[in-house]
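What follows is the content of coords.txt (compact mmCIF, C-alpha atoms).
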# COMPACT_ATOMS: atom_id res chain seq x y z
CA MET Y 200 208.59 178.16 221.69
CA SER Y 201 212.06 177.87 220.23
CA SER Y 202 215.14 178.66 222.30
CA ASN Y 203 216.45 180.63 219.32
CA ASN Y 204 216.15 184.38 219.41
CA VAL Y 205 216.78 187.23 217.01
CA THR Y 206 218.13 190.62 218.03
CA LEU Y 207 216.53 193.84 216.84
CA THR Y 208 218.66 196.96 217.14
CA THR Y 209 217.15 200.45 217.00
CA PRO Y 210 219.01 203.76 217.45
CA ASP Y 211 218.19 203.68 221.17
CA HIS Y 212 217.62 200.04 222.08
CA SER Y 213 218.60 196.48 221.40
CA VAL Y 214 216.00 193.82 222.13
CA SER Y 215 216.08 190.03 221.96
CA LEU Y 216 212.94 188.59 220.35
CA PRO Y 217 212.04 184.90 220.51
CA LEU Y 218 211.23 182.78 217.48
CA VAL Y 219 207.91 180.93 217.32
CA GLU Y 220 208.08 177.61 215.50
CA GLY Y 221 205.17 175.88 213.83
CA SER Y 222 204.99 172.24 212.73
CA LEU Y 223 205.50 173.34 209.11
CA GLY Y 224 206.57 176.55 207.42
CA PRO Y 225 208.95 179.36 208.38
CA SER Y 226 209.46 180.44 211.96
CA CYS Y 227 208.02 183.76 213.13
CA VAL Y 228 209.59 186.51 215.18
CA ASP Y 229 207.47 187.16 218.27
CA ILE Y 230 207.16 190.95 218.35
CA ALA Y 231 204.57 191.16 221.15
CA SER Y 232 207.04 192.99 223.42
CA ILE Y 233 208.60 195.25 220.80
CA TYR Y 234 206.64 198.41 221.65
CA ARG Y 235 207.18 197.95 225.37
CA GLU Y 236 210.91 197.36 224.87
CA THR Y 237 211.70 199.89 222.12
CA GLY Y 238 208.80 202.30 221.80
CA HIS Y 239 208.33 201.25 218.16
CA PHE Y 240 205.58 199.41 216.31
CA THR Y 241 206.15 197.32 213.19
CA PHE Y 242 204.94 198.32 209.72
CA ASP Y 243 203.62 195.58 207.42
CA PRO Y 244 201.08 196.80 204.82
CA GLY Y 245 198.48 194.14 204.14
CA PHE Y 246 200.00 191.95 206.90
CA ALA Y 247 201.91 190.13 204.16
CA ALA Y 248 204.67 189.03 206.54
CA THR Y 249 202.74 188.93 209.82
CA ALA Y 250 201.22 185.86 211.47
CA SER Y 251 198.05 187.00 213.24
CA CYS Y 252 197.29 183.72 214.99
CA LYS Y 253 198.23 180.10 215.53
CA SER Y 254 196.09 177.66 213.55
CA ALA Y 255 196.04 173.91 212.97
CA ILE Y 256 193.56 173.95 210.08
CA THR Y 257 195.29 174.70 206.77
CA PHE Y 258 198.89 174.91 205.59
CA ILE Y 259 200.13 176.52 202.37
CA ASP Y 260 203.63 176.45 200.90
CA GLY Y 261 203.37 178.95 198.08
CA GLU Y 262 206.86 178.26 196.74
CA LYS Y 263 206.26 174.52 196.34
CA GLY Y 264 202.57 174.67 195.46
CA VAL Y 265 201.44 172.75 198.57
CA LEU Y 266 197.98 172.97 200.15
CA LEU Y 267 197.08 170.80 203.16
CA TYR Y 268 193.78 170.57 205.04
CA ARG Y 269 194.56 169.27 208.54
CA GLY Y 270 197.69 167.69 207.08
CA TYR Y 271 195.99 165.98 204.13
CA PRO Y 272 197.18 167.01 200.64
CA ILE Y 273 194.46 168.71 198.61
CA GLU Y 274 195.21 166.33 195.73
CA GLN Y 275 194.22 163.30 197.83
CA LEU Y 276 191.09 164.94 199.20
CA ALA Y 277 190.02 166.09 195.75
CA GLU Y 278 190.39 162.60 194.32
CA GLN Y 279 188.99 160.50 197.16
CA SER Y 280 186.78 162.65 199.38
CA ARG Y 281 183.48 164.55 199.24
CA PHE Y 282 182.77 168.10 200.36
CA LEU Y 283 180.83 167.22 203.49
CA GLU Y 284 183.61 164.87 204.60
CA VAL Y 285 186.10 167.71 204.06
CA ALA Y 286 183.85 170.05 206.06
CA TYR Y 287 183.86 167.53 208.91
CA LEU Y 288 187.66 167.30 208.68
CA LEU Y 289 188.07 171.08 208.87
CA LEU Y 290 185.75 171.30 211.88
CA GLU Y 291 186.90 168.27 213.87
CA GLY Y 292 190.54 167.90 212.85
CA GLU Y 293 190.27 164.25 211.80
CA LEU Y 294 188.56 162.34 209.02
CA PRO Y 295 185.29 160.77 210.21
CA GLY Y 296 184.54 157.10 210.61
CA THR Y 297 181.44 155.63 209.01
CA ALA Y 298 179.18 156.33 212.00
CA GLU Y 299 180.60 159.81 212.53
CA MET Y 300 180.08 160.68 208.88
CA ALA Y 301 176.51 159.39 208.92
CA GLY Y 302 175.75 161.44 212.03
CA PHE Y 303 177.27 164.59 210.54
CA GLU Y 304 175.38 164.21 207.26
CA ASP Y 305 172.17 163.60 209.17
CA ALA Y 306 172.68 166.73 211.26
CA VAL Y 307 173.39 168.88 208.20
CA THR Y 308 170.44 167.40 206.30
CA HIS Y 309 168.01 168.19 209.10
CA HIS Y 310 169.09 171.82 209.34
CA THR Y 311 168.72 172.71 205.65
CA MET Y 312 165.37 174.52 205.98
CA MET Y 313 165.40 178.28 206.35
CA HIS Y 314 162.79 180.09 208.43
CA GLU Y 315 159.72 181.08 206.39
CA SER Y 316 160.17 184.69 207.56
CA LEU Y 317 163.37 184.85 205.53
CA LYS Y 318 161.23 184.84 202.39
CA ASN Y 319 159.71 188.12 203.55
CA PHE Y 320 163.20 189.39 204.34
CA LEU Y 321 164.33 188.64 200.75
CA ARG Y 322 161.26 190.39 199.35
CA GLY Y 323 162.54 193.59 200.93
CA PHE Y 324 165.34 193.69 198.34
CA HIS Y 325 164.92 195.23 194.91
CA TYR Y 326 164.26 192.53 192.33
CA ASP Y 327 167.67 192.99 190.67
CA ALA Y 328 169.75 193.17 193.89
CA HIS Y 329 173.05 191.31 193.75
CA PRO Y 330 172.75 187.83 195.31
CA MET Y 331 175.81 188.54 197.48
CA ALA Y 332 173.97 191.46 199.09
CA MET Y 333 171.01 189.22 199.87
CA LEU Y 334 173.23 186.38 201.13
CA CYS Y 335 175.29 188.64 203.40
CA ALA Y 336 172.23 190.24 204.99
CA SER Y 337 170.33 186.96 205.32
CA ILE Y 338 173.19 185.19 207.07
CA ALA Y 339 173.61 188.10 209.49
CA SER Y 340 169.88 187.91 210.22
CA LEU Y 341 170.18 184.30 211.43
CA SER Y 342 171.38 185.65 214.77
CA ALA Y 343 167.87 187.08 215.20
CA PHE Y 344 166.27 183.70 214.51
CA TYR Y 345 168.62 181.76 216.82
CA HIS Y 346 169.23 184.36 219.53
CA ASP Y 347 168.74 181.73 222.24
CA THR Y 348 171.80 179.74 221.13
CA LEU Y 349 174.43 182.45 220.77
CA ASP Y 350 176.61 181.64 223.78
CA ILE Y 351 180.04 181.60 222.13
CA ASN Y 352 181.56 180.02 225.26
CA ASP Y 353 179.38 176.91 224.95
CA PRO Y 354 181.03 174.26 222.72
CA ALA Y 355 177.66 172.64 221.96
CA GLN Y 356 176.20 175.94 220.76
CA ARG Y 357 179.29 176.66 218.67
CA LYS Y 358 178.94 173.27 217.00
CA LEU Y 359 175.23 173.82 216.39
CA ALA Y 360 175.98 177.14 214.70
CA ALA Y 361 178.52 175.43 212.46
CA ILE Y 362 176.00 172.80 211.39
CA ARG Y 363 173.35 175.42 210.74
CA LEU Y 364 175.63 177.56 208.62
CA ILE Y 365 176.92 174.69 206.48
CA ALA Y 366 173.36 173.37 206.05
CA LYS Y 367 171.53 176.64 205.39
CA MET Y 368 174.05 178.49 203.24
CA PRO Y 369 173.07 176.62 200.03
CA THR Y 370 169.35 177.03 200.82
CA ILE Y 371 169.64 180.78 201.32
CA ALA Y 372 171.98 181.16 198.33
CA ALA Y 373 169.54 179.38 196.02
CA ALA Y 374 166.62 181.37 197.44
CA ALA Y 375 168.44 184.65 196.78
CA TYR Y 376 169.11 183.61 193.19
CA ARG Y 377 165.54 182.51 192.53
CA TYR Y 378 164.14 185.68 194.05
CA SER Y 379 166.39 187.76 191.78
CA ILE Y 380 164.93 186.11 188.66
CA GLY Y 381 161.33 185.94 189.86
CA TRP Y 382 161.14 182.17 190.39
CA PRO Y 383 159.36 180.56 193.36
CA ILE Y 384 161.74 179.53 196.12
CA ARG Y 385 162.26 175.76 196.30
CA TYR Y 386 162.48 173.83 199.56
CA PRO Y 387 165.49 171.55 200.04
CA ARG Y 388 164.95 167.95 198.99
CA ASN Y 389 166.56 166.07 201.88
CA ASN Y 390 166.55 162.76 200.04
CA LEU Y 391 169.38 164.18 197.91
CA GLU Y 392 173.04 164.67 198.80
CA TYR Y 393 174.47 168.10 199.59
CA VAL Y 394 175.48 169.28 196.11
CA ASP Y 395 172.58 167.64 194.26
CA ARG Y 396 170.20 169.22 196.74
CA PHE Y 397 171.65 172.65 196.04
CA LEU Y 398 171.43 172.22 192.26
CA HIS Y 399 167.77 171.24 192.56
CA MET Y 400 167.05 174.27 194.71
CA MET Y 401 168.76 176.44 192.10
CA PHE Y 402 167.27 175.09 188.88
CA GLU Y 403 164.24 172.87 189.46
CA VAL Y 404 160.84 174.31 188.49
CA PRO Y 405 157.48 173.10 189.84
CA SER Y 406 156.21 172.07 186.41
CA GLU Y 407 158.82 169.44 185.66
CA PRO Y 408 161.56 167.38 187.37
CA LEU Y 409 165.17 168.44 186.99
CA GLU Y 410 167.45 166.16 185.03
CA MET Y 411 171.15 167.01 185.19
CA ASN Y 412 174.24 165.27 183.91
CA PRO Y 413 176.04 163.67 186.91
CA VAL Y 414 179.20 165.54 185.92
CA ALA Y 415 177.56 168.76 187.16
CA ALA Y 416 177.30 167.59 190.78
CA LYS Y 417 180.73 165.97 190.60
CA ALA Y 418 182.36 169.16 189.34
CA LEU Y 419 180.58 171.35 191.88
CA ASP Y 420 181.50 169.06 194.77
CA LEU Y 421 185.13 169.25 193.65
CA LEU Y 422 185.02 173.04 193.48
CA PHE Y 423 183.54 173.15 196.98
CA ILE Y 424 186.42 171.00 198.26
CA LEU Y 425 189.03 173.20 196.59
CA HIS Y 426 187.46 176.39 197.96
CA ALA Y 427 186.64 175.10 201.47
CA ASP Y 428 189.58 176.86 203.15
CA HIS Y 429 192.73 178.75 202.23
CA GLU Y 430 194.45 179.73 205.47
CA GLN Y 431 194.45 183.39 206.60
CA ASN Y 432 193.09 185.04 203.46
CA ALA Y 433 191.18 188.33 203.58
CA SER Y 434 187.74 186.88 204.31
CA THR Y 435 188.95 184.31 206.85
CA SER Y 436 191.00 186.97 208.61
CA THR Y 437 187.87 189.14 208.64
CA VAL Y 438 185.86 186.35 210.27
CA ARG Y 439 188.57 185.97 212.91
CA LEU Y 440 188.88 189.73 213.48
CA VAL Y 441 185.14 190.14 213.95
CA GLY Y 442 185.03 186.95 216.02
CA SER Y 443 187.76 188.32 218.30
CA THR Y 444 185.30 190.96 219.52
CA GLY Y 445 182.97 188.26 220.84
CA ALA Y 446 180.56 188.67 217.93
CA ASN Y 447 178.21 185.77 217.26
CA PRO Y 448 179.06 183.25 214.49
CA TYR Y 449 176.40 184.52 212.07
CA ALA Y 450 177.63 188.10 212.26
CA SER Y 451 181.23 186.92 211.91
CA VAL Y 452 180.50 184.81 208.82
CA ALA Y 453 178.39 187.60 207.30
CA ALA Y 454 181.45 189.83 207.64
CA GLY Y 455 183.47 187.16 205.84
CA ILE Y 456 180.91 187.15 203.01
CA ALA Y 457 181.26 190.92 202.68
CA ALA Y 458 185.04 190.61 202.46
CA LEU Y 459 184.76 187.80 199.92
CA TRP Y 460 182.64 190.00 197.66
CA GLY Y 461 185.65 192.10 196.61
CA PRO Y 462 186.86 191.52 193.03
CA ALA Y 463 190.42 190.99 194.27
CA HIS Y 464 189.22 188.07 196.43
CA GLY Y 465 186.10 186.00 195.81
CA GLY Y 466 185.03 188.06 192.81
CA ALA Y 467 188.09 187.04 190.80
CA ASN Y 468 186.33 184.34 188.77
CA GLU Y 469 183.56 186.81 187.93
CA ALA Y 470 186.29 189.16 186.70
CA VAL Y 471 187.59 186.35 184.46
CA LEU Y 472 184.26 186.13 182.63
CA LYS Y 473 184.15 189.91 182.21
CA MET Y 474 187.65 189.79 180.72
CA LEU Y 475 186.64 187.02 178.31
CA ALA Y 476 183.64 189.11 177.25
CA GLU Y 477 185.96 192.06 176.66
CA ILE Y 478 188.20 189.92 174.42
CA GLY Y 479 185.01 188.80 172.70
CA ASP Y 480 186.26 186.35 170.09
CA ALA Y 481 188.90 183.62 169.94
CA LYS Y 482 190.55 185.42 167.02
CA ASN Y 483 191.30 188.34 169.37
CA VAL Y 484 193.26 186.26 171.89
CA ASP Y 485 196.70 186.91 170.37
CA LYS Y 486 196.08 190.66 170.53
CA ALA Y 487 194.91 190.34 174.13
CA VAL Y 488 198.05 188.43 175.09
CA ALA Y 489 200.19 191.13 173.46
CA ARG Y 490 198.29 193.84 175.35
CA ALA Y 491 198.78 191.97 178.64
CA LYS Y 492 202.55 191.99 178.07
CA ASP Y 493 202.51 195.76 177.50
CA LYS Y 494 202.65 197.41 180.92
CA GLU Y 495 201.45 200.69 179.41
CA SER Y 496 198.22 199.19 178.05
CA GLY Y 497 196.49 198.92 181.44
CA PHE Y 498 195.03 195.57 180.37
CA ARG Y 499 195.35 192.58 182.69
CA LEU Y 500 194.63 188.93 182.12
CA MET Y 501 192.40 187.95 185.01
CA GLY Y 502 192.72 184.43 186.43
CA PHE Y 503 196.47 184.09 185.90
CA GLY Y 504 199.10 183.84 188.63
CA HIS Y 505 198.45 183.96 192.38
CA ARG Y 506 199.58 186.11 195.29
CA VAL Y 507 200.48 183.13 197.46
CA TYR Y 508 201.47 180.44 194.97
CA LYS Y 509 204.71 181.48 193.30
CA ASN Y 510 205.14 178.34 191.20
CA PHE Y 511 201.70 176.87 190.51
CA ASP Y 512 198.31 176.70 192.14
CA PRO Y 513 197.74 173.04 193.11
CA ARG Y 514 193.99 173.58 192.94
CA ALA Y 515 194.24 174.75 189.33
CA LYS Y 516 196.04 171.57 188.30
CA ILE Y 517 193.19 169.54 189.81
CA ILE Y 518 190.31 171.57 188.44
CA ARG Y 519 191.77 171.93 184.93
CA ALA Y 520 191.08 168.27 184.16
CA MET Y 521 187.56 168.56 185.57
CA CYS Y 522 186.94 171.70 183.54
CA HIS Y 523 187.77 169.96 180.28
CA ASP Y 524 185.71 166.94 181.34
CA VAL Y 525 182.68 169.15 182.01
CA LEU Y 526 182.98 170.94 178.67
CA ASP Y 527 183.32 167.63 176.87
CA LYS Y 528 180.47 165.77 178.60
CA LEU Y 529 178.03 168.67 178.47
CA GLY Y 530 178.88 169.43 174.86
CA VAL Y 531 179.02 173.13 175.64
CA ASN Y 532 179.13 175.44 172.63
CA ASP Y 533 179.80 178.94 173.92
CA PRO Y 534 181.95 181.58 172.15
CA LEU Y 535 183.39 182.81 175.47
CA LEU Y 536 184.51 179.30 176.40
CA GLU Y 537 186.27 179.10 173.04
CA VAL Y 538 188.03 182.35 173.95
CA ALA Y 539 189.03 180.89 177.33
CA LEU Y 540 190.43 177.66 175.91
CA LYS Y 541 192.50 179.51 173.32
CA LEU Y 542 193.71 181.92 175.99
CA GLU Y 543 194.71 179.00 178.20
CA GLU Y 544 196.60 177.39 175.32
CA ALA Y 545 198.41 180.64 174.49
CA ALA Y 546 199.39 181.35 178.09
CA LEU Y 547 200.72 177.84 178.74
CA LYS Y 548 202.98 178.05 175.66
CA ASP Y 549 204.08 181.69 175.77
CA ASP Y 550 207.60 182.26 177.11
CA TYR Y 551 206.54 185.50 178.82
CA PHE Y 552 203.84 183.81 180.89
CA ILE Y 553 206.04 180.80 181.61
CA SER Y 554 208.98 182.93 182.78
CA HIS Y 555 206.72 185.12 184.93
CA LYS Y 556 204.88 182.03 186.25
CA LEU Y 557 201.54 183.44 185.14
CA TYR Y 558 199.76 180.10 184.96
CA PRO Y 559 195.95 179.84 184.91
CA ASN Y 560 194.76 179.72 188.52
CA VAL Y 561 191.71 178.17 190.17
CA ASP Y 562 189.59 181.27 189.48
CA PHE Y 563 190.17 180.89 185.75
CA TYR Y 564 188.85 177.33 185.65
CA SER Y 565 186.11 177.71 188.25
CA GLY Y 566 184.53 180.53 186.25
CA LEU Y 567 184.51 178.35 183.14
CA ILE Y 568 182.87 175.46 185.00
CA TYR Y 569 180.20 177.69 186.52
CA LYS Y 570 179.41 179.13 183.12
CA ALA Y 571 179.22 175.66 181.58
CA LEU Y 572 176.77 174.65 184.34
CA LYS Y 573 174.64 177.71 183.47
CA ILE Y 574 175.26 179.31 186.84
CA PRO Y 575 174.93 183.08 186.23
CA THR Y 576 177.97 185.27 186.68
CA GLU Y 577 176.51 187.20 189.63
CA MET Y 578 176.28 183.87 191.51
CA PHE Y 579 179.96 182.98 191.15
CA THR Y 580 181.03 184.61 194.41
CA VAL Y 581 178.00 183.12 196.15
CA MET Y 582 179.23 179.66 195.12
CA PHE Y 583 182.58 180.52 196.68
CA ALA Y 584 180.83 181.57 199.90
CA ILE Y 585 178.94 178.27 200.16
CA ALA Y 586 182.21 176.34 200.04
CA ARG Y 587 184.24 178.69 202.23
CA THR Y 588 181.64 178.62 205.01
CA ALA Y 589 183.19 175.35 206.22
CA GLY Y 590 186.58 177.01 206.59
CA TRP Y 591 185.23 180.22 208.09
CA ILE Y 592 183.30 178.51 210.84
CA ALA Y 593 186.18 176.11 211.53
CA HIS Y 594 188.47 179.11 212.11
CA TRP Y 595 185.84 180.88 214.21
CA ILE Y 596 185.52 177.83 216.46
CA GLU Y 597 189.30 177.36 216.65
CA GLN Y 598 189.90 180.91 217.83
CA HIS Y 599 187.41 180.41 220.67
CA GLU Y 600 189.00 177.10 221.67
CA MET Y 601 192.58 178.38 221.80
CA PRO Y 602 193.63 180.03 225.06
CA GLY Y 603 194.96 183.55 225.20
CA GLY Y 604 192.68 185.03 222.55
CA ARG Y 605 192.74 188.82 222.24
CA ILE Y 606 190.64 191.33 220.35
CA GLY Y 607 192.27 192.23 217.05
CA ARG Y 608 193.76 195.72 217.09
CA PRO Y 609 196.16 196.55 214.22
CA ARG Y 610 198.33 199.65 214.53
CA GLN Y 611 198.95 202.35 211.95
CA VAL Y 612 201.50 204.87 210.71
CA TYR Y 613 199.72 208.20 211.06
CA VAL Y 614 200.43 210.57 208.15
CA GLY Y 615 197.82 213.27 208.85
CA ALA Y 616 198.04 216.82 210.15
CA GLU Y 617 200.05 217.66 213.25
CA PRO Y 618 198.23 219.29 216.24
CA ARG Y 619 196.60 222.58 215.26
CA GLU Y 620 194.19 225.12 216.72
CA TYR Y 621 190.49 225.31 215.88
CA VAL Y 622 189.47 228.46 214.03
CA ALA Y 623 185.91 229.78 214.18
CA ILE Y 624 183.96 229.47 210.94
CA ASP Y 625 183.68 233.24 210.39
CA LYS Y 626 187.48 233.58 210.55
CA ARG Y 627 188.45 230.81 208.13
File written out as structure tokens:
Amino acid sequence: MSSNNVTLTTPDHSVSLPLVEGSLGPSCVDIASIYRETGHFTFDPGFAATASCKSAITFIDGEKGVLLYRGYPIEQLAEQSRFLEVAYLLLEGELPGTAEMAGFEDAVTHHTMMHESLKNFLRGFHYDAHPMAMLCASIASLSAFYHDTLDINDPAQRKLAAIRLIAKMPTIAAAAYRYSIGWPIRYPRNNLEYVDRFLHMMFEVPSEPLEMNPVAAKALDLLFILHADHEQNASTSTVRLVGSTGANPYASVAAGIAALWGPAHGGANEAVLKMLAEIGDAKNVDKAVARAKDKESGFRLMGFGHRVYKNFDPRAKIIRAMCHDVLDKLGVNDPLLEVALKLEEAALKDDYFISHKLYPNVDFYSGLIYKALKIPTEMFTVMFAIARTAGWIAHWIEQHEMPGGRIGRPRQVYVGAEPREYVAIDKR
């Protein structure tokens, strides 16, 4: 706690509020006593300027384009690390040694199976149900399968839940996809690494072995790293809010999946592909760019700019190179990808986009990579959920380890009717 204070003056009161300092980033005004001292609440739509917790997991500087996981720059992790190592880092706070990494990988590998009853659970969905609906419900149902290890006050049980979620999320995601297209569900091949195992569960058929270009697993592992955590975004805040009630980890993460489903959050890369389909042809890109500049047109270029990053998205700079590498090595010939590449070229050169800092963001490139890997559009947000599980469960554990936790209870500005008398129905 800093010794510095700020003074808030209202028509009736003047109150001194302390500043809370973090290790990085701006200080925060501690307003915990403001209602008691002044009789007023604060109003911050979307909590855009409100810190809801203290966290040591991820730091973002949107002005400078900085993203750190536990203090490590995303650029270094993307170049030198693997997703499971990053998941360990998010959970434990430090990079693992050789023995620690081997133990963590072994634990994840031996929790990849899903209960056979989950197959019956999936069969309860209509054949064309969205995979996110199946994933959200299936993850919530895990609390029924592991009801004997739901003591949120037991560190060992919290850790076990984290391992289970990271291990089973790809298995359940692949099963949901295969059910939706009528394919038999594949068991995880535990002789493969995390991402390769997932790709085999997604695409391998019983009649023949799966052969994939190594660039596919490399690109997907990179995307998982880049999406593993992103501070107090909507879905992570949802996990924490639900977790603050004492809800079990599976229910909390299922709530995060539901929040991620929104097109303004995890569905953004799916929206990119829909936009590209609307443009339709590379020769229409110039017209689309002109429409995007016209505020009256109602047309938006999806996958450009970012709410947090005001200069550039550091993840986009990393994934752009991988995107072009994937397209080159896979020899992809897809009209929509031609539209995307021309749109990228136009946006990076256009003065309007440059001046407004509307650069292609990570959602723009991730959608292109998923499409190049033949991952269907309805699975894009599911891919996001697999990666973000590591961050969600790290935050859920952190909130239960930090002292002084309270149930989340935002306030509101009521704008409804004033007190009025009930009138009987025959007199209305």
Using all atoms listed in the file, can you list as a list in words the residues within 12 Å of (199.3, 190.4, 176.4)?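 Taken together, the residues in range are Ile478, Asn483, Val484, Asp485, Lys486, Ala487, Val488, Ala489, Arg490, Ala491, Lys492, Asp493, Lys494, Glu495, Ser496, Gly497, Phe498, Arg499, Leu500, Met501, Phe503, Leu542, Ala545, Ala546, Asp549, Asp550, Tyr551, Phe552 and Leu557 of chain Y.
Atom CA of Y:Pro272 sits 14.7 Å away from atom CA of Y:Ala286.
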Please tabulate, as JSON lines, the residues of stretch 360-442 of chain Y that come within 12 Å of stretch 348-351 of chain Y, each with its closest pair of atoms and the distance in Å to one decimal, counting all atoms listed in the file and ordering rows by chain, then residue number upward.
{"residue": "Y:Ala360", "atom": "CA", "partner": "Y:Thr348", "partner_atom": "CA", "distance": 8.1}
{"residue": "Y:Ala361", "atom": "CA", "partner": "Y:Ile351", "partner_atom": "CA", "distance": 11.6}
{"residue": "Y:Arg363", "atom": "CA", "partner": "Y:Thr348", "partner_atom": "CA", "distance": 11.4}
{"residue": "Y:Gly442", "atom": "CA", "partner": "Y:Ile351", "partner_atom": "CA", "distance": 9.5}
For stretch 525-544 of chain Y, I'd like the enclosing box, axis-aligned and padded by 8 Å on every side, reported as lines of an AutoDock Vina configuration file with centre and edge lengths in Å to one decimal.
center_x = 187.3
center_y = 174.3
center_z = 177.1
size_x = 34.6
size_y = 33.0
size_z = 25.9
Just to confirm, what's the straight-line distance from atom CA of Y:Arg514 to atom CA of Y:Glu293 in Å (one decimal)?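 Between atom CA of Y:Arg514 and atom CA of Y:Glu293 the gap works out to 21.4 Å.
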Is it possible to get the residues within 9 Å of (174.4, 187.1, 187.8) (coordinates as in the file, counting all atoms listed in the file) written as a PDB file with C-alpha atoms, in the coordinates of the input?
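What follows is the written file part10.pdb:
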ATOM      1  CA  HIS Y 329     173.050 191.310 193.750  1.00  0.00           C
ATOM      2  CA  PRO Y 330     172.750 187.830 195.310  1.00  0.00           C
ATOM      3  CA  TYR Y 376     169.110 183.610 193.190  1.00  0.00           C
ATOM      4  CA  SER Y 379     166.390 187.760 191.780  1.00  0.00           C
ATOM      5  CA  ILE Y 574     175.260 179.310 186.840  1.00  0.00           C
ATOM      6  CA  PRO Y 575     174.930 183.080 186.230  1.00  0.00           C
ATOM      7  CA  THR Y 576     177.970 185.270 186.680  1.00  0.00           C
ATOM      8  CA  GLU Y 577     176.510 187.200 189.630  1.00  0.00           C
ATOM      9  CA  MET Y 578     176.280 183.870 191.510  1.00  0.00           C
ATOM     10  CA  PHE Y 579     179.960 182.980 191.150  1.00  0.00           C
TER      11      PHE Y 579
END
Closest to Y:Cys335 among Y:Thr249, Y:Ser254, Y:Asn510, Y:Ser451, using only C-alpha atoms?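 Checking each candidate against Y:Cys335, we get Y:Ser451 as the closest.
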What does the structure give for the distance between atom CA of Y:Gly461 and atom CA of Y:Ala481, in Å to one decimal?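 According to the coordinates, atom CA of Y:Gly461 and atom CA of Y:Ala481 are separated by 28.2 Å.
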